[in-house]
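Asks: Provided herewith is a single structure, encoded as structure tokens, for subsequent inquiry.
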Amino acid sequence: MQHHGAFPTTRLRRTRQHAWLRRAVAETVLAPADLVWPLFVHEGKTPVAVPSMPGVERLSIDGVARAAEQAAELGIPAIALFPVVDAALKSDDGRQALDPENLACRTVHAVRQAVGDTVGIICDVALDPYTTHGHDGLLRDGRIVNDETVEVLCRQAVVLAEAGCQVVAPSDMMDGRVGRIRWALDAAGRQDVCILSYAAKYASAFYGPFRDAVGSQQALGTARSLGVGDKQTYQMSPANGDEAIREVALDVAEGADMVMVKPAGTALDIIHRVKREFGLPTFAYQVSGEYSMIQAAAAAGWLDGPKAAFESVLVIKRAGADGILTYFAPEIAKALS
Ligand code: PBG
């Protein structure tokens, strides 16, 4: 370091002086193509607000198709679809997940009708919207059984693929499901359907508002009386980082095309490590709780909502994410255009 007098010759503030220069030296640039928009669909004809997620609504099938058109206009490449299943259709074994006429399948169909192949549809593979106990897998004698669940998930993935979904996203965290789902899709002639695995998914308190939105919170409440009121026997402990790398390694070996880290904001280190070590398309999910915290603070006048939202998503990209699932997707895409 050369010193001429009392001050250093290197002054990092020089490149921060002008807006144009700040823009020119920006290392991370967010674009609409980085975003995936998660959407909730229900059977109703009109939108219903999700109280714990201000600004988010459960949409009708038609509403999702319109949102997909909006995504196309905004340059958002894909939507992620989450069905809110009527309580009457939920069961112990979540068999509604396998009905080719279920809400998710009809929505996929409607979206493909509306936007063709201009916007991708990513569908969750997991049983939680469909089970009376709210778990992602089958519950037997107070345990979530792994291998039996995987067989059902394989069938669910094929049903979704046959409805026109191009990306299935197993979010259940059962062991060995990616390889089995790949095999099942191929056997059904769906070699071209991608698998985006929720590879490193933490048992997180930040999913609370999402569970309100899809009604699995209440269901999990009933499971609590059975001694299985949380998902810690299949989702990861937030204490663990190396284990996340092992999870991703297994999913990659089993044939995952893309992987996801979830939540995003509490796992920026994991996003970074996964992108570094595997170099495959890495997504991160800014989950419901992350969204609602910003919205709540903004509503109270404690934060500048749009700025906080933008910053929170930008740093997820800086950490290494190629794509970010965020409920802020349409607002951010609008701000960028
Ligand atoms: C369910 C699923 C969850 C989310 C996405 N898929 C909740 C859970 O695991 O309980 C959470 C998304 C969010 O909080 O926004 N398999």
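Letters A, B, ... mark the chains of the structure tokens in the order given; residue numbers begin at 1 per chain; ligand numbers begin at 1, in order shown.
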Can you tell me, as a list in words, what residues are no more than 7 Å from region 84-88 of chain A when counting only C-alpha atoms, ignoring any on the same chain fewer than 6 positions away?
Replies: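 Once the nearby chain positions are removed, what remains is Phe40, Val41, His42, Pro129, Tyr130, Val214 and Gly215 of chain A.
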Asks: Sort by chain and increasing residue number a table of all residues of chain A within 9 Å of ligand 1, each with its closest pair of atoms and their distance in Å to one decimal, counting only C-alpha atoms and all ligand atoms, and write it as a Markdown table.
Replies:
```
| residue | atom | partner | partner_atom_place_in_ligand_line | distance |
| --- | --- | --- | --- | --- |
| A:Pro38 | CA | ligand 1 | 15 (O) | 8.0 |
| A:Phe82 | CA | ligand 1 | 6 (N) | 7.7 |
| A:Asp124 | CA | ligand 1 | 6 (N) | 6.5 |
| A:Val125 | CA | ligand 1 | 16 (N) | 7.3 |
| A:Ala126 | CA | ligand 1 | 16 (N) | 5.2 |
| A:Leu127 | CA | ligand 1 | 16 (N) | 7.1 |
| A:Asp128 | CA | ligand 1 | 16 (N) | 5.8 |
| A:Pro129 | CA | ligand 1 | 1 (C) | 7.5 |
| A:Gly134 | CA | ligand 1 | 10 (O) | 8.1 |
| A:His135 | CA | ligand 1 | 10 (O) | 7.6 |
| A:Asp136 | CA | ligand 1 | 16 (N) | 5.7 |
| A:Pro170 | CA | ligand 1 | 16 (N) | 7.7 |
| A:Ser171 | CA | ligand 1 | 16 (N) | 4.7 |
| A:Asp172 | CA | ligand 1 | 16 (N) | 5.3 |
| A:Met173 | CA | ligand 1 | 16 (N) | 8.4 |
| A:Tyr198 | CA | ligand 1 | 6 (N) | 8.7 |
| A:Lys201 | CA | ligand 1 | 9 (O) | 7.9 |
| A:Tyr202 | CA | ligand 1 | 9 (O) | 8.3 |
| A:Ala203 | CA | ligand 1 | 9 (O) | 7.3 |
| A:Ser204 | CA | ligand 1 | 9 (O) | 8.1 |
| A:Ala205 | CA | ligand 1 | 14 (O) | 8.7 |
| A:Phe206 | CA | ligand 1 | 14 (O) | 6.0 |
| A:Tyr207 | CA | ligand 1 | 14 (O) | 3.4 |
| A:Gly208 | CA | ligand 1 | 14 (O) | 6.3 |
| A:Pro209 | CA | ligand 1 | 14 (O) | 6.4 |
| A:Phe210 | CA | ligand 1 | 14 (O) | 4.4 |
| A:Arg211 | CA | ligand 1 | 7 (C) | 6.1 |
| A:Val214 | CA | ligand 1 | 7 (C) | 8.9 |
| A:Ser216 | CA | ligand 1 | 10 (O) | 7.6 |
| A:Gln217 | CA | ligand 1 | 10 (O) | 8.1 |
| A:Asp230 | CA | ligand 1 | 10 (O) | 8.5 |
| A:Lys231 | CA | ligand 1 | 10 (O) | 7.3 |
| A:Gln235 | CA | ligand 1 | 9 (O) | 7.7 |
| A:Lys262 | CA | ligand 1 | 12 (C) | 8.2 |
| A:Pro263 | CA | ligand 1 | 14 (O) | 7.7 |
| A:Tyr285 | CA | ligand 1 | 15 (O) | 7.3 |
| A:Gln286 | CA | ligand 1 | 15 (O) | 6.8 |
| A:Val287 | CA | ligand 1 | 15 (O) | 3.5 |
| A:Ser288 | CA | ligand 1 | 15 (O) | 3.5 |
| A:Gly289 | CA | ligand 1 | 14 (O) | 6.1 |
| A:Glu290 | CA | ligand 1 | 15 (O) | 8.1 |
| A:Tyr291 | CA | ligand 1 | 15 (O) | 8.1 |
| A:Leu325 | CA | ligand 1 | 15 (O) | 8.7 |
| A:Thr326 | CA | ligand 1 | 15 (O) | 8.0 |
| A:Tyr327 | CA | ligand 1 | 15 (O) | 8.0 |
```
Asks: From the list A:Glu57, A:Asp92, A:Glu73, A:Asp304, which residue is nearest Asp212 (chain A) when using only C-alpha atoms?
Replies: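 Closest to Asp212 (chain A) of all the choices is A:Glu57.
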Asks: Which one of A:Ile245, A:Ala213, A:Ala31, A:Val158 sits closest to Gln191 (chain A) if you count only C-alpha atoms?
Replies: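 When distances to Gln191 (chain A) are compared using only C-alpha atoms, the smallest one comes from A:Val158.
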Asks: Counting only C-alpha atoms, which of A:Gly176, A:Gly229, A:Gly63, A:Gly189 gets nearest to Val248 (chain A)?
Replies: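 Checking each candidate against Val248 (chain A), we get A:Gly176 as the closest.
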Asks: Residues at most 10 Å from Thr131 (chain A), counting only C-alpha atoms, excluding those fewer than 6 positions away in the same chain, as a short mmCIF file (atom, residue, chain, number, x, y, z; two decimals) with C-alpha atoms, in the first residue's frame?
Replies:
```cif
data_model
loop_
_atom_site.label_atom_id
_atom_site.label_comp_id
_atom_site.auth_asym_id
_atom_site.auth_seq_id
_atom_site.Cartn_x
_atom_site.Cartn_y
_atom_site.Cartn_z
CA VAL A 85 -57.19 -28.04 -1.53
CA ALA A 87 -60.76 -29.81 3.32
CA LEU A 89 -60.83 -33.59 -0.50
CA LYS A 90 -58.04 -34.12 1.99
CA SER A 91 -57.38 -37.58 3.33
CA ASP A 92 -54.96 -39.53 5.44
CA ASP A 93 -53.06 -40.74 2.39
CA GLY A 94 -53.45 -37.59 0.29
CA ARG A 95 -54.84 -39.59 -2.62
CA GLN A 96 -56.28 -36.44 -4.22
CA ALA A 97 -52.70 -35.71 -5.32
CA GLY A 137 -45.52 -37.86 3.38
CA LEU A 138 -47.55 -40.81 4.61
CA LEU A 139 -48.03 -41.09 8.36
CA SER A 216 -51.75 -27.19 6.18
CA ALA A 219 -53.78 -29.85 9.64
CA LEU A 220 -50.37 -30.01 11.28
#
```
Asks: In Å to one decimal, how far is CA of Glu148 (chain A) from CA of Val228 (chain A)?
Replies: 17.7 Å
Asks: Run DSSP on the backbone and tell me which residues of region 40-261 of chain A come out as alpha helix (DSSP H); list them as number ranges by chain.
Replies: A: 61-74, 103-115, 146-163, 177-187, 208-214, 216-224, 242-253
Asks: Counting only C-alpha atoms, which of A:Gln232, A:Gln218, A:Ser237, A:Ser292 gets nearest to Val50 (chain A)?
Replies: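 Result for the nearest residue to Val50 (chain A): A:Ser292.
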Asks: If you run DSSP on the backbone, which residues of region 152-268 of chain A are strand (DSSP E or B), as a list of chain:residue names?
Replies: A:Val167, A:Val168, A:Ala169, A:Pro170, A:Cys194, A:Ile195, A:Leu196, A:Ser197, A:Tyr198, A:Ala199, A:Ala200, A:Lys201, A:Tyr202, A:Met236, A:Met258, A:Val259, A:Met260, A:Val261, A:Lys262
Asks: Generate a file of the selected residues that holds N, CA and C atoms, formatted as a short mmCIF file (atom, residue, chain, number, x, y, z; two decimals), in the first residue's frame.
Replies:
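Contents of result-v1.cif, freshly written:
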```
data_model
loop_
_atom_site.label_atom_id
_atom_site.label_comp_id
_atom_site.auth_asym_id
_atom_site.auth_seq_id
_atom_site.Cartn_x
_atom_site.Cartn_y
_atom_site.Cartn_z
N VAL A 167 -41.72 -28.79 -15.14
CA VAL A 167 -40.73 -28.91 -14.06
C VAL A 167 -41.44 -29.41 -12.81
N VAL A 168 -41.04 -30.58 -12.34
CA VAL A 168 -41.58 -31.05 -11.06
C VAL A 168 -40.54 -30.77 -9.98
N ALA A 169 -41.05 -30.32 -8.85
CA ALA A 169 -40.16 -29.88 -7.77
C ALA A 169 -40.49 -30.63 -6.48
N PRO A 170 -39.82 -31.76 -6.26
CA PRO A 170 -40.07 -32.49 -5.01
C PRO A 170 -39.61 -31.66 -3.82
N CYS A 194 -38.25 -31.77 -16.39
CA CYS A 194 -37.12 -31.46 -15.51
C CYS A 194 -37.46 -31.73 -14.05
N ILE A 195 -36.44 -32.04 -13.28
CA ILE A 195 -36.60 -32.13 -11.82
C ILE A 195 -35.80 -31.01 -11.16
N LEU A 196 -36.54 -30.16 -10.47
CA LEU A 196 -35.92 -29.13 -9.63
C LEU A 196 -36.11 -29.60 -8.20
N SER A 197 -35.06 -30.13 -7.59
CA SER A 197 -35.29 -30.69 -6.25
C SER A 197 -35.07 -29.63 -5.17
N TYR A 198 -35.99 -29.64 -4.23
CA TYR A 198 -35.77 -28.87 -3.01
C TYR A 198 -34.73 -29.70 -2.25
N ALA A 199 -33.46 -29.48 -2.60
CA ALA A 199 -32.42 -30.38 -2.11
C ALA A 199 -32.07 -30.09 -0.66
N ALA A 200 -31.89 -28.82 -0.36
CA ALA A 200 -31.56 -28.44 1.01
C ALA A 200 -32.71 -27.60 1.54
N LYS A 201 -33.62 -28.27 2.20
CA LYS A 201 -34.80 -27.59 2.73
C LYS A 201 -34.79 -27.73 4.24
N TYR A 202 -34.77 -26.60 4.89
CA TYR A 202 -34.67 -26.58 6.35
C TYR A 202 -36.05 -26.64 7.01
N MET A 236 -34.35 -30.39 7.18
CA MET A 236 -33.05 -30.29 7.86
C MET A 236 -33.03 -29.32 9.03
N MET A 258 -31.81 -29.33 -11.50
CA MET A 258 -31.63 -28.05 -10.82
C MET A 258 -31.90 -28.31 -9.34
N VAL A 259 -31.29 -27.52 -8.51
CA VAL A 259 -31.53 -27.72 -7.07
C VAL A 259 -31.98 -26.42 -6.42
N MET A 260 -32.57 -26.57 -5.27
CA MET A 260 -33.09 -25.40 -4.55
C MET A 260 -32.61 -25.43 -3.10
N VAL A 261 -32.37 -24.23 -2.60
CA VAL A 261 -32.07 -24.04 -1.18
C VAL A 261 -33.22 -23.23 -0.61
N LYS A 262 -33.66 -23.60 0.59
CA LYS A 262 -34.86 -22.99 1.14
C LYS A 262 -34.86 -23.07 2.66
#
```
Asks: Would you kindly return, as a list in words, each protein, DNA or RNA residue with an atom no farther than 12 Å from any atom of Asp141 (chain A), considering only C-alpha atoms and excluding same-chain residues fewer than 4 positions away?
Replies: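 Non-adjacent residues within range: Val145, Ala223, Leu226, Gly227 and Val228 of chain A.
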Asks: Pull N, CA, C and O atoms from the residues just selected and write them as a PDB file, in the first residue's frame.
Replies:
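Printed below is part22.pdb as written:
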```
ATOM      1  N   VAL A 145     -43.361 -42.318   6.838  1.00  0.00           N
ATOM      2  CA  VAL A 145     -42.645 -43.454   6.234  1.00  0.00           C
ATOM      3  C   VAL A 145     -42.029 -43.023   4.900  1.00  0.00           C
ATOM      4  O   VAL A 145     -42.688 -42.413   4.057  1.00  0.00           O
ATOM      5  N   ALA A 223     -52.044 -33.058  13.739  1.00  0.00           N
ATOM      6  CA  ALA A 223     -50.974 -34.062  13.805  1.00  0.00           C
ATOM      7  C   ALA A 223     -50.182 -33.933  15.108  1.00  0.00           C
ATOM      8  O   ALA A 223     -49.577 -34.886  15.575  1.00  0.00           O
ATOM      9  N   LEU A 226     -50.826 -36.259  17.651  1.00  0.00           N
ATOM     10  CA  LEU A 226     -50.255 -37.590  17.389  1.00  0.00           C
ATOM     11  C   LEU A 226     -48.751 -37.593  17.637  1.00  0.00           C
ATOM     12  O   LEU A 226     -48.068 -38.580  17.383  1.00  0.00           O
ATOM     13  N   GLY A 227     -48.233 -36.439  18.078  1.00  0.00           N
ATOM     14  CA  GLY A 227     -46.810 -36.374  18.391  1.00  0.00           C
ATOM     15  C   GLY A 227     -45.923 -36.058  17.202  1.00  0.00           C
ATOM     16  O   GLY A 227     -44.703 -36.164  17.291  1.00  0.00           O
ATOM     17  N   VAL A 228     -46.530 -35.674  16.075  1.00  0.00           N
ATOM     18  CA  VAL A 228     -45.738 -35.356  14.886  1.00  0.00           C
ATOM     19  C   VAL A 228     -46.192 -34.020  14.299  1.00  0.00           C
ATOM     20  O   VAL A 228     -46.560 -33.911  13.139  1.00  0.00           O
TER      21      VAL A 228
END
```
Asks: Between A:Leu98, A:Leu81, A:Val119, A:Ala335, which residue has the minimum interatomic distance to Glu151 (chain A), considering only C-alpha atoms?
Replies: A:Leu98
Asks: Taking 6 positions as the minimum chain separation for residues in the same chain, which residues sit within 10 Å of Leu59 (chain A) when counting only C-alpha atoms? Answer as a list in words.
Replies: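 The residues satisfying every condition are Leu39, Phe40, Val41, His42, Glu43, Gly44, Lys45, Thr46, Pro47, Val48, Ala49, Ala65, Arg66, Ala67, Pro83 and Val84 of chain A.
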Asks: Find, counting only C-alpha atoms, the residue in A:Ala33, A:Val150, A:Glu277, A:Phe328 that gets nearest to Arg177 (chain A).
Replies: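 Distance minimum relative to Arg177 (chain A) lands on A:Val150.
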